[in-house]
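Trainee: Next up, query.json (JSON, C-alpha atoms).
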[["chain", "number", "residue", "atom", "x", "y", "z"],
["A", 2, "ASP", "CA", 8.04, -4.09, 14.08],
["A", 3, "GLY", "CA", 5.85, -7.14, 14.69],
["A", 4, "ASN", "CA", 2.29, -7.81, 13.55],
["A", 5, "ILE", "CA", 0.14, -4.65, 13.47],
["A", 6, "ALA", "CA", -3.09, -6.20, 12.14],
["A", 7, "TYR", "CA", -6.09, -7.16, 14.28],
["A", 8, "HIS", "CA", -7.71, -9.36, 11.63],
["A", 9, "VAL", "CA", -5.10, -12.14, 11.75],
["A", 10, "ASN", "CA", -4.62, -14.86, 14.36],
["A", 11, "ASP", "CA", -3.01, -12.74, 17.06],
["A", 12, "GLU", "CA", -3.92, -11.43, 20.51],
["A", 13, "LYS", "CA", -5.34, -7.91, 20.52],
["A", 14, "SER", "CA", -3.02, -6.98, 23.38],
["A", 15, "SER", "CA", -0.02, -8.00, 21.29],
["A", 16, "VAL", "CA", -1.17, -5.92, 18.32],
["A", 17, "ASP", "CA", -1.85, -2.96, 20.63],
["A", 18, "LYS", "CA", 1.67, -3.26, 22.00],
["A", 19, "ASN", "CA", 3.25, -3.48, 18.54],
["A", 20, "ARG", "CA", 1.31, -0.44, 17.33],
["A", 21, "PHE", "CA", 2.26, 1.51, 20.44],
["A", 22, "TYR", "CA", 5.98, 0.73, 20.01],
["A", 23, "LEU", "CA", 5.69, 1.64, 16.32],
["A", 24, "SER", "CA", 4.20, 5.02, 17.22],
["A", 25, "LYS", "CA", 7.01, 5.73, 19.66],
["A", 26, "LYS", "CA", 9.67, 4.64, 17.17],
["A", 27, "HIS", "CA", 8.34, 7.00, 14.50],
["A", 28, "ASN", "CA", 6.98, 9.72, 16.79],
["A", 29, "PHE", "CA", 3.28, 9.80, 15.98],
["A", 30, "ASP", "CA", 0.14, 9.73, 18.12],
["A", 31, "ILE", "CA", -1.31, 6.21, 18.02],
["A", 32, "LYS", "CA", -4.74, 7.60, 18.99],
["A", 33, "LYS", "CA", -4.87, 9.43, 15.65],
["A", 34, "LEU", "CA", -3.91, 6.49, 13.44],
["A", 35, "ARG", "CA", -6.33, 5.80, 10.57],
["A", 36, "TYR", "CA", -6.23, 2.35, 9.01],
["A", 37, "MET", "CA", -8.37, 0.23, 6.71],
["A", 38, "ASN", "CA", -10.40, -2.92, 6.51],
["A", 39, "GLN", "CA", -8.75, -3.82, 3.21],
["A", 40, "VAL", "CA", -10.86, -5.86, 0.79],
["A", 41, "HIS", "CA", -8.84, -5.94, -2.45],
["A", 42, "GLY", "CA", -11.25, -3.47, -4.01],
["A", 43, "THR", "CA", -11.30, 0.02, -5.48],
["A", 44, "ASN", "CA", -12.66, 2.23, -2.69],
["A", 45, "ILE", "CA", -10.49, 5.29, -1.99],
["A", 46, "GLU", "CA", -11.33, 7.48, 0.99],
["A", 47, "ILE", "CA", -10.22, 10.97, 1.98],
["A", 48, "VAL", "CA", -9.76, 11.15, 5.75],
["A", 49, "ASN", "CA", -9.42, 13.93, 8.29],
["A", 50, "HIS", "CA", -9.34, 14.27, 12.08],
["A", 51, "THR", "CA", -13.09, 13.62, 12.31],
["A", 52, "SER", "CA", -12.93, 10.34, 10.35],
["A", 53, "SER", "CA", -13.36, 6.98, 12.04],
["A", 54, "LEU", "CA", -10.15, 5.30, 13.12],
["A", 55, "LEU", "CA", -11.01, 2.19, 11.10],
["A", 56, "ILE", "CA", -12.16, 2.90, 7.54],
["A", 57, "ASP", "CA", -14.23, -0.04, 6.36],
["A", 58, "ASN", "CA", -14.28, -1.55, 2.84],
["A", 59, "CYS", "CA", -11.32, 0.47, 1.67],
["A", 60, "ASP", "CA", -7.96, 0.01, -0.06],
["A", 61, "ALA", "CA", -6.54, 3.54, -0.20],
["A", 62, "LEU", "CA", -6.50, 6.54, 2.11],
["A", 63, "ILE", "CA", -5.72, 10.16, 1.22],
["A", 64, "THR", "CA", -5.25, 13.09, 3.58],
["A", 65, "ASN", "CA", -3.98, 16.65, 3.64],
["A", 66, "GLU", "CA", -4.34, 16.92, 7.41],
["A", 67, "ILE", "CA", -1.26, 17.62, 9.53],
["A", 68, "ASP", "CA", -0.35, 15.04, 12.19],
["A", 69, "LEU", "CA", -2.89, 12.50, 10.93],
["A", 70, "PRO", "CA", -1.07, 9.16, 10.40],
["A", 71, "ILE", "CA", -2.54, 6.87, 7.75],
["A", 72, "MET", "CA", -1.54, 3.22, 7.42],
["A", 73, "VAL", "CA", -1.61, 0.37, 4.91],
["A", 74, "MET", "CA", -1.03, -3.24, 6.02],
["A", 75, "VAL", "CA", 0.44, -5.97, 3.82],
["A", 76, "ALA", "CA", 2.06, -9.39, 3.63],
["A", 77, "ASP", "CA", 3.00, -9.82, -0.08],
["A", 78, "CYS", "CA", 0.64, -7.22, -1.58],
["A", 79, "ILE", "CA", 2.28, -3.95, -2.58],
["A", 80, "PRO", "CA", 2.15, -1.15, -0.02],
["A", 81, "ILE", "CA", 2.22, 2.12, -1.95],
["A", 82, "PHE", "CA", 2.97, 5.55, -0.52],
["A", 83, "ILE", "CA", 2.10, 8.61, -2.61],
["A", 84, "SER", "CA", 2.90, 12.22, -1.81],
["A", 85, "ASP", "CA", 2.73, 15.74, -3.20],
["A", 86, "GLU", "CA", 4.81, 17.93, -0.92],
["A", 87, "LYS", "CA", 3.82, 21.13, -2.73],
["A", 88, "LYS", "CA", 0.13, 20.59, -2.05],
["A", 89, "GLY", "CA", 0.69, 18.84, 1.28],
["A", 90, "VAL", "CA", -1.17, 15.67, 0.34],
["A", 91, "ILE", "CA", -0.30, 12.02, 1.01],
["A", 92, "ALA", "CA", -1.88, 8.65, 0.35],
["A", 93, "VAL", "CA", -1.35, 5.00, 1.25],
["A", 94, "VAL", "CA", -2.55, 2.25, -1.07],
["A", 95, "HIS", "CA", -3.08, -1.50, -0.74],
["A", 96, "ALA", "CA", -2.27, -2.90, -4.18],
["A", 97, "GLY", "CA", -2.88, -6.62, -4.35],
["A", 98, "ARG", "CA", -3.51, -8.37, -7.64],
["A", 99, "ASN", "CA", -7.21, -7.51, -7.85],
["A", 100, "SER", "CA", -6.76, -3.86, -6.88],
["A", 101, "THR", "CA", -3.83, -3.56, -9.28],
["A", 102, "PHE", "CA", -5.97, -4.87, -12.14],
["A", 103, "LEU", "CA", -8.59, -2.30, -11.09],
["A", 104, "ASN", "CA", -6.05, 0.59, -11.28],
["A", 105, "ILE", "CA", -6.07, 1.40, -7.55],
["A", 106, "ALA", "CA", -2.79, 3.39, -7.57],
["A", 107, "LYS", "CA", -3.68, 5.26, -10.76],
["A", 108, "ASN", "CA", -7.15, 6.11, -9.42],
["A", 109, "THR", "CA", -5.69, 7.31, -6.13],
["A", 110, "VAL", "CA", -3.49, 9.77, -8.01],
["A", 111, "LEU", "CA", -6.49, 10.89, -10.08],
["A", 112, "LYS", "CA", -8.43, 11.53, -6.87],
["A", 113, "MET", "CA", -5.53, 13.57, -5.48],
["A", 114, "ILE", "CA", -5.60, 15.62, -8.67],
["A", 115, "ASP", "CA", -9.38, 16.07, -8.62],
["A", 116, "GLU", "CA", -9.78, 16.81, -4.91],
["A", 117, "PHE", "CA", -6.57, 18.70, -4.11],
["A", 118, "ASN", "CA", -5.43, 20.03, -7.49],
["A", 119, "CYS", "CA", -2.21, 18.02, -7.36],
["A", 120, "ASP", "CA", 0.10, 18.04, -10.37],
["A", 121, "VAL", "CA", 1.59, 14.78, -11.66],
["A", 122, "LYS", "CA", 5.02, 16.36, -11.96],
["A", 123, "ASP", "CA", 5.04, 16.97, -8.19],
["A", 124, "ILE", "CA", 3.85, 13.49, -7.20],
["A", 125, "TYR", "CA", 6.27, 10.96, -5.72],
["A", 126, "VAL", "CA", 5.35, 7.27, -5.49],
["A", 127, "TYR", "CA", 7.07, 4.56, -3.47],
["A", 128, "LEU", "CA", 6.21, 0.87, -3.90],
["A", 129, "GLY", "CA", 7.36, -0.91, -0.78],
["A", 130, "PRO", "CA", 8.56, -4.47, -0.11],
["A", 131, "SER", "CA", 6.22, -7.04, -1.63],
["A", 132, "ILE", "CA", 6.21, -10.31, -3.50],
["A", 133, "GLN", "CA", 8.26, -9.82, -6.66],
["A", 134, "LYS", "CA", 8.17, -11.40, -10.11],
["A", 135, "CYS", "CA", 10.73, -13.97, -8.93],
["A", 136, "CYS", "CA", 8.07, -15.56, -6.69],
["A", 137, "TYR", "CA", 4.63, -14.40, -7.81],
["A", 138, "GLU", "CA", 3.43, -17.49, -9.67],
["A", 139, "VAL", "CA", -0.19, -17.54, -10.90],
["A", 140, "SER", "CA", -2.43, -19.83, -12.92],
["A", 141, "SER", "CA", -2.27, -20.02, -16.70],
["A", 142, "GLU", "CA", -5.66, -18.31, -16.81],
["A", 143, "LEU", "CA", -4.40, -15.34, -14.81],
["A", 144, "GLU", "CA", -1.25, -15.17, -16.88],
["A", 145, "ASN", "CA", -3.40, -14.88, -20.00],
["A", 146, "VAL", "CA", -5.38, -12.07, -18.35],
["A", 147, "VAL", "CA", -2.12, -10.19, -17.80],
["A", 148, "ILE", "CA", -0.91, -10.83, -21.34],
["A", 149, "ASN", "CA", -4.20, -9.72, -22.89],
["A", 150, "SER", "CA", -4.60, -6.69, -20.63],
["A", 151, "TYR", "CA", -1.03, -5.41, -20.35],
["A", 152, "GLY", "CA", 1.32, -7.36, -22.63],
["A", 153, "LYS", "CA", 3.72, -10.29, -22.59],
["A", 154, "GLU", "CA", 6.49, -8.22, -21.00],
["A", 155, "PHE", "CA", 4.68, -8.33, -17.64],
["A", 156, "THR", "CA", 4.80, -12.10, -17.29],
["A", 157, "GLN", "CA", 7.17, -15.00, -17.83],
["A", 158, "ASN", "CA", 6.36, -18.67, -17.31],
["A", 159, "ARG", "CA", 3.32, -17.78, -15.13],
["A", 160, "TYR", "CA", 5.30, -15.38, -12.94],
["A", 161, "ILE", "CA", 3.82, -11.89, -13.13],
["A", 162, "ASP", "CA", 5.29, -8.49, -12.36],
["A", 163, "LEU", "CA", 2.71, -6.52, -10.36],
["A", 164, "GLN", "CA", 5.22, -3.76, -9.64],
["A", 165, "ALA", "CA", 5.78, -3.12, -13.35],
["A", 166, "ILE", "CA", 2.02, -3.10, -14.00],
["A", 167, "ASN", "CA", 1.48, -0.46, -11.32],
["A", 168, "LYS", "CA", 4.40, 1.55, -12.66],
["A", 169, "GLN", "CA", 2.99, 1.43, -16.19],
["A", 170, "GLN", "CA", -0.40, 2.63, -14.98],
["A", 171, "LEU", "CA", 1.24, 5.56, -13.19],
["A", 172, "LEU", "CA", 3.42, 6.42, -16.19],
["A", 173, "GLU", "CA", 0.28, 6.61, -18.31],
["A", 174, "LEU", "CA", -0.84, 9.49, -16.08],
["A", 175, "GLY", "CA", 2.49, 11.25, -16.41],
["A", 176, "VAL", "CA", 3.81, 10.32, -12.98],
["A", 177, "THR", "CA", 7.53, 9.69, -13.39],
["A", 178, "ASN", "CA", 8.97, 10.05, -9.89],
["A", 179, "ILE", "CA", 8.53, 6.39, -8.94],
["A", 180, "GLU", "CA", 10.69, 4.30, -6.61],
["A", 181, "ILE", "CA", 10.24, 0.54, -6.31],
["A", 182, "SER", "CA", 11.70, -1.61, -3.54],
["A", 183, "ASP", "CA", 13.50, -4.68, -4.86],
["A", 184, "VAL", "CA", 12.86, -6.62, -1.64],
["A", 185, "CYS", "CA", 10.75, -9.73, -2.22],
["A", 186, "THR", "CA", 8.73, -10.52, 0.88],
["A", 187, "LYS", "CA", 8.69, -14.24, 0.05],
["A", 188, "CYS", "CA", 12.33, -15.05, -0.74],
["A", 189, "SER", "CA", 14.50, -12.21, 0.56],
["A", 190, "ASN", "CA", 14.69, -13.57, 4.13],
["A", 191, "GLU", "CA", 14.31, -10.03, 5.38],
["A", 192, "ALA", "CA", 11.98, -9.27, 8.27],
["A", 193, "TYR", "CA", 8.75, -8.92, 6.31],
["A", 194, "TYR", "CA", 5.65, -11.08, 6.49],
["A", 195, "SER", "CA", 4.71, -13.18, 3.47],
["A", 196, "TYR", "CA", 1.28, -14.78, 3.14],
["A", 197, "ARG", "CA", 2.52, -17.12, 0.44],
["A", 198, "LYS", "CA", 5.29, -18.32, 2.72],
["A", 199, "ASP", "CA", 3.09, -18.64, 5.81],
["A", 200, "LYS", "CA", -0.69, -18.19, 5.67],
["A", 201, "ASN", "CA", -0.76, -17.65, 9.45],
["A", 202, "CYS", "CA", 1.57, -14.68, 9.26],
["A", 203, "GLY", "CA", 0.97, -11.15, 10.54],
["A", 204, "ARG", "CA", 1.02, -7.90, 8.59],
["A", 205, "PHE", "CA", 3.62, -5.15, 8.38],
["A", 206, "SER", "CA", 2.82, -1.55, 7.58],
["A", 207, "ILE", "CA", 3.73, 1.58, 5.74],
["A", 208, "ILE", "CA", 2.57, 4.73, 7.49],
["A", 209, "GLY", "CA", 2.36, 8.24, 6.05],
["A", 210, "ILE", "CA", 2.09, 11.43, 8.07],
["A", 211, "ILE", "CA", 2.32, 15.14, 7.27],
["A", 212, "GLU", "CA", 4.31, 16.62, 10.12],
["A", 213, "SER", "CA", 3.64, 20.10, 11.44],
["A", 214, "LYS", "CA", 6.45, 22.58, 10.90],
["A", 215, "LYS", "CA", 7.21, 23.79, 14.40]]
Could I get this file's structure written as structure tokens?
Mentor:
Amino acid sequence: DGNIAYHVNDEKSSVDKNRFYLSKKHNFDIKKLRYMNQVHGTNIEIVNHTSSLLIDNCDALITNEIDLPIMVMVADCIPIFISDEKKGVIAVVHAGRNSTFLNIAKNTVLKMIDEFNCDVKDIYVYLGPSIQKCCYEVSSELENVVINSYGKEFTQNRYIDLQAINKQQLLELGVTNIEISDVCTKCSNEAYYSYRKDKNCGRFSIIGIIESKK
């Protein structure tokens, strides 16, 4: 759907146009879209219709508001969508390496439980297209961090499996309804941006919205 991020090297008018076409394609009000200034951190915010459109210093959004689209933007990092249909709660998460090591997905689920009384057995998690273990090469130092923190099964020859680490963190909470895309943004040749392939690339999105039942 084209670049939807303002913080990369792109004209604002082009991003506006891409976001508008995206809203028409998926039938949501672009004027209600909440998105983040993502910083590879741990901040998780609950948003509603009175929240700012741009949520600063944030890597996960949660809402239980109807017709309030929330968006995560990525280009290799893992875009994660979380939902509890019974409670009517959704979340979008930006899970890069740092945020993954800081348990961003796990902590988002915990906040859903604490704030909205969600039950892990009702929670569904989708990890979208992202750089996979086939291409995510890191330094020896980082590989040792993964081995010492999570185990040897999450790395091989300095290639680490961020998806499996996030899954393990979620399983520790009791979340079992987890779907993981097998599309690698770097080597699949599918229409997704990859920062490791091109540092001047745009960002693609995953958007969550609770639709009103009319």
Trainee: Go through A:Ile207, A:Ile161, A:Ile71, A:Cys202 one by one, measure the shortest atom-to-atom distance of each to Asp11 of chain A using all atoms listed in the file, and give the residue with the smallest value.
Mentor: A:Cys202
Trainee: Any idea what's packed within 12 Å of segment 103-111 of chain A, counting all atoms listed in the file, ignoring anything in its chain fewer than 4 positions away? Could you give it as a ChimeraX atom specification?
Mentor: /A:41-47,59-64,79-85,90-99,115-128,150-151,163-164,166-176,179
Trainee: Atom CA of Asp199 of chain A to atom CA of Arg20 of chain A: how many Å, to one decimal?
Mentor: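 Rounded to one decimal, the two atoms are 21.6 Å apart.
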Trainee: Would you pick out the contacts of segment 190-196 of chain A at 8 Å or less, using all atoms listed in the file, so that residues sharing its chain but fewer than 3 positions from it are not included, and give the list as a ChimeraX atom specification?
Mentor: /A:75-77,130,132,184,186-187,199-205
Trainee: Expressed in Å to a single decimal, how great is the separation between atom CA of Cys185 of chain A and atom CA of Cys136 of chain A?
Mentor: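 Separation between atom CA of Cys185 of chain A and atom CA of Cys136 of chain A: 7.8 Å.
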Trainee: Near segment 5-8 of chain A, within 10 Å and counting only C-alpha atoms, which residues show up once chain neighbours fewer than 3 positions away are dropped, as JSON, numbers by chain?
Mentor: {"A": [2, 11, 12, 13, 14, 15, 16, 17, 18, 19, 20, 21, 23, 36, 37, 38, 73, 74, 75, 203, 204, 205, 206]}
Trainee: Residues as selected, C-alpha atoms, written as a CSV table (one decimal), in the coordinates of the input, can you do that?
Mentor:
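Output below, filename again.csv:
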chain,number,residue,atom,x,y,z
A,2,ASP,CA,8.0,-4.1,14.1
A,11,ASP,CA,-3.0,-12.7,17.1
A,12,GLU,CA,-3.9,-11.4,20.5
A,13,LYS,CA,-5.3,-7.9,20.5
A,14,SER,CA,-3.0,-7.0,23.4
A,15,SER,CA,0.0,-8.0,21.3
A,16,VAL,CA,-1.2,-5.9,18.3
A,17,ASP,CA,-1.8,-3.0,20.6
A,18,LYS,CA,1.7,-3.3,22.0
A,19,ASN,CA,3.2,-3.5,18.5
A,20,ARG,CA,1.3,-0.4,17.3
A,21,PHE,CA,2.3,1.5,20.4
A,23,LEU,CA,5.7,1.6,16.3
A,36,TYR,CA,-6.2,2.4,9.0
A,37,MET,CA,-8.4,0.2,6.7
A,38,ASN,CA,-10.4,-2.9,6.5
A,73,VAL,CA,-1.6,0.4,4.9
A,74,MET,CA,-1.0,-3.2,6.0
A,75,VAL,CA,0.4,-6.0,3.8
A,203,GLY,CA,1.0,-11.2,10.5
A,204,ARG,CA,1.0,-7.9,8.6
A,205,PHE,CA,3.6,-5.2,8.4
A,206,SER,CA,2.8,-1.6,7.6
Trainee: So how many Å separate atom CA of Asp183 of chain A and atom CA of Arg159 of chain A, to one decimal?
Mentor: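 Taking atom CA of Asp183 of chain A as the start and atom CA of Arg159 of chain A as the end point, the length is 19.5 Å.
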Trainee: For Glu144 of chain A, list every protein, DNA or RNA residue within 8 Å, evaluated using only C-alpha atoms, and leave out those in the same chain fewer than 4 positions away; present the list as a PyMOL selection string.
Mentor: chain A and resi 139-140+148+156+159-161
Trainee: With N, CA and C atoms as the goal, would you fill in the gaps in segment 25-61 of chain A and present it as an mmCIF file, in the frame of the given file?
Mentor:
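Printed below is rebuild23.cif as written:
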data_model
loop_
_atom_site.group_PDB
_atom_site.id
_atom_site.type_symbol
_atom_site.label_atom_id
_atom_site.label_comp_id
_atom_site.auth_asym_id
_atom_site.auth_seq_id
_atom_site.Cartn_x
_atom_site.Cartn_y
_atom_site.Cartn_z
ATOM 1 N N LYS A 25 5.898 5.107 18.946
ATOM 2 C CA LYS A 25 7.010 5.730 19.660
ATOM 3 C C LYS A 25 8.267 5.778 18.798
ATOM 4 N N LYS A 26 8.493 4.712 18.038
ATOM 5 C CA LYS A 26 9.670 4.640 17.170
ATOM 6 C C LYS A 26 9.650 5.743 16.119
ATOM 7 N N HIS A 27 8.445 6.031 15.589
ATOM 8 C CA HIS A 27 8.340 7.000 14.500
ATOM 9 C C HIS A 27 7.648 8.299 14.919
ATOM 10 N N ASN A 28 7.430 8.451 16.214
ATOM 11 C CA ASN A 28 6.980 9.720 16.790
ATOM 12 C C ASN A 28 5.649 10.204 16.223
ATOM 13 N N PHE A 29 4.629 9.352 16.325
ATOM 14 C CA PHE A 29 3.280 9.800 15.980
ATOM 15 C C PHE A 29 2.311 9.367 17.071
ATOM 16 N N ASP A 30 1.151 10.007 17.108
ATOM 17 C CA ASP A 30 0.140 9.730 18.120
ATOM 18 C C ASP A 30 -0.711 8.540 17.686
ATOM 19 N N ILE A 31 -0.602 7.427 18.387
ATOM 20 C CA ILE A 31 -1.310 6.210 18.020
ATOM 21 C C ILE A 31 -2.825 6.406 18.062
ATOM 22 N N LYS A 32 -3.301 7.345 18.873
ATOM 23 C CA LYS A 32 -4.740 7.600 18.990
ATOM 24 C C LYS A 32 -5.311 8.271 17.750
ATOM 25 N N LYS A 33 -4.429 8.767 16.876
ATOM 26 C CA LYS A 33 -4.870 9.430 15.650
ATOM 27 C C LYS A 33 -4.758 8.538 14.415
ATOM 28 N N LEU A 34 -4.192 7.357 14.582
ATOM 29 C CA LEU A 34 -3.910 6.490 13.440
ATOM 30 C C LEU A 34 -5.181 6.043 12.727
ATOM 31 N N ARG A 35 -5.237 6.295 11.409
ATOM 32 C CA ARG A 35 -6.330 5.800 10.570
ATOM 33 C C ARG A 35 -5.836 4.610 9.757
ATOM 34 N N TYR A 36 -6.608 3.547 9.749
ATOM 35 C CA TYR A 36 -6.230 2.350 9.010
ATOM 36 C C TYR A 36 -7.476 1.749 8.380
ATOM 37 N N MET A 37 -7.292 0.722 7.558
ATOM 38 C CA MET A 37 -8.370 0.230 6.710
ATOM 39 C C MET A 37 -8.731 -1.228 6.970
ATOM 40 N N ASN A 38 -9.995 -1.542 6.720
ATOM 41 C CA ASN A 38 -10.400 -2.920 6.510
ATOM 42 C C ASN A 38 -10.258 -3.172 5.015
ATOM 43 N N GLN A 39 -9.111 -3.693 4.621
ATOM 44 C CA GLN A 39 -8.750 -3.820 3.210
ATOM 45 C C GLN A 39 -9.445 -5.024 2.581
ATOM 46 N N VAL A 40 -10.019 -4.816 1.392
ATOM 47 C CA VAL A 40 -10.860 -5.860 0.790
ATOM 48 C C VAL A 40 -10.465 -6.174 -0.654
ATOM 49 N N HIS A 41 -9.300 -5.711 -1.085
ATOM 50 C CA HIS A 41 -8.840 -5.940 -2.450
ATOM 51 C C HIS A 41 -9.805 -5.329 -3.471
ATOM 52 N N GLY A 42 -10.286 -4.147 -3.142
ATOM 53 C CA GLY A 42 -11.250 -3.470 -4.010
ATOM 54 C C GLY A 42 -10.725 -2.175 -4.587
ATOM 55 N N THR A 43 -11.647 -1.235 -4.799
ATOM 56 C CA THR A 43 -11.300 0.020 -5.480
ATOM 57 C C THR A 43 -11.654 1.262 -4.664
ATOM 58 N N ASN A 44 -12.205 1.078 -3.462
ATOM 59 C CA ASN A 44 -12.660 2.230 -2.690
ATOM 60 C C ASN A 44 -11.477 3.044 -2.163
ATOM 61 N N ILE A 45 -11.529 4.348 -2.408
ATOM 62 C CA ILE A 45 -10.490 5.290 -1.990
ATOM 63 C C ILE A 45 -11.162 6.352 -1.145
ATOM 64 N N GLU A 46 -10.691 6.543 0.087
ATOM 65 C CA GLU A 46 -11.330 7.480 0.990
ATOM 66 C C GLU A 46 -10.382 8.615 1.385
ATOM 67 N N ILE A 47 -10.938 9.819 1.437
ATOM 68 C CA ILE A 47 -10.220 10.970 1.980
ATOM 69 C C ILE A 47 -10.556 11.058 3.463
ATOM 70 N N VAL A 48 -9.534 11.128 4.311
ATOM 71 C CA VAL A 48 -9.760 11.150 5.750
ATOM 72 C C VAL A 48 -9.236 12.428 6.375
ATOM 73 N N ASN A 49 -9.865 12.788 7.504
ATOM 74 C CA ASN A 49 -9.420 13.930 8.290
ATOM 75 C C ASN A 49 -9.536 13.576 9.764
ATOM 76 N N HIS A 50 -9.365 14.562 10.639
ATOM 77 C CA HIS A 50 -9.340 14.270 12.080
ATOM 78 C C HIS A 50 -10.703 13.898 12.635
ATOM 79 N N THR A 51 -11.760 14.044 11.855
ATOM 80 C CA THR A 51 -13.090 13.620 12.310
ATOM 81 C C THR A 51 -13.475 12.237 11.771
ATOM 82 N N SER A 52 -12.648 11.661 10.928
ATOM 83 C CA SER A 52 -12.930 10.340 10.350
ATOM 84 C C SER A 52 -12.803 9.242 11.396
ATOM 85 N N SER A 53 -13.501 8.145 11.178
ATOM 86 C CA SER A 53 -13.360 6.980 12.040
ATOM 87 C C SER A 53 -11.929 6.475 12.009
ATOM 88 N N LEU A 54 -11.505 5.849 13.096
ATOM 89 C CA LEU A 54 -10.150 5.300 13.120
ATOM 90 C C LEU A 54 -10.015 4.172 12.111
ATOM 91 N N LEU A 55 -10.997 3.286 12.061
ATOM 92 C CA LEU A 55 -11.010 2.190 11.100
ATOM 93 C C LEU A 55 -11.939 2.552 9.947
ATOM 94 N N ILE A 56 -11.382 2.597 8.739
ATOM 95 C CA ILE A 56 -12.160 2.900 7.540
ATOM 96 C C ILE A 56 -12.506 1.573 6.882
ATOM 97 N N ASP A 57 -13.794 1.265 6.839
ATOM 98 C CA ASP A 57 -14.230 -0.040 6.360
ATOM 99 C C ASP A 57 -14.279 -0.087 4.832
ATOM 100 N N ASN A 58 -14.118 -1.319 4.289
ATOM 101 C CA ASN A 58 -14.280 -1.550 2.840
ATOM 102 C C ASN A 58 -13.465 -0.554 2.031
ATOM 103 N N CYS A 59 -12.171 -0.582 2.226
ATOM 104 C CA CYS A 59 -11.320 0.470 1.670
ATOM 105 C C CYS A 59 -9.930 -0.084 1.360
ATOM 106 N N ASP A 60 -9.309 0.441 0.291
ATOM 107 C CA ASP A 60 -7.960 0.010 -0.060
ATOM 108 C C ASP A 60 -7.004 1.167 -0.347
ATOM 109 N N ALA A 61 -7.439 2.393 -0.078
ATOM 110 C CA ALA A 61 -6.540 3.540 -0.200
ATOM 111 C C ALA A 61 -7.073 4.690 0.631
#
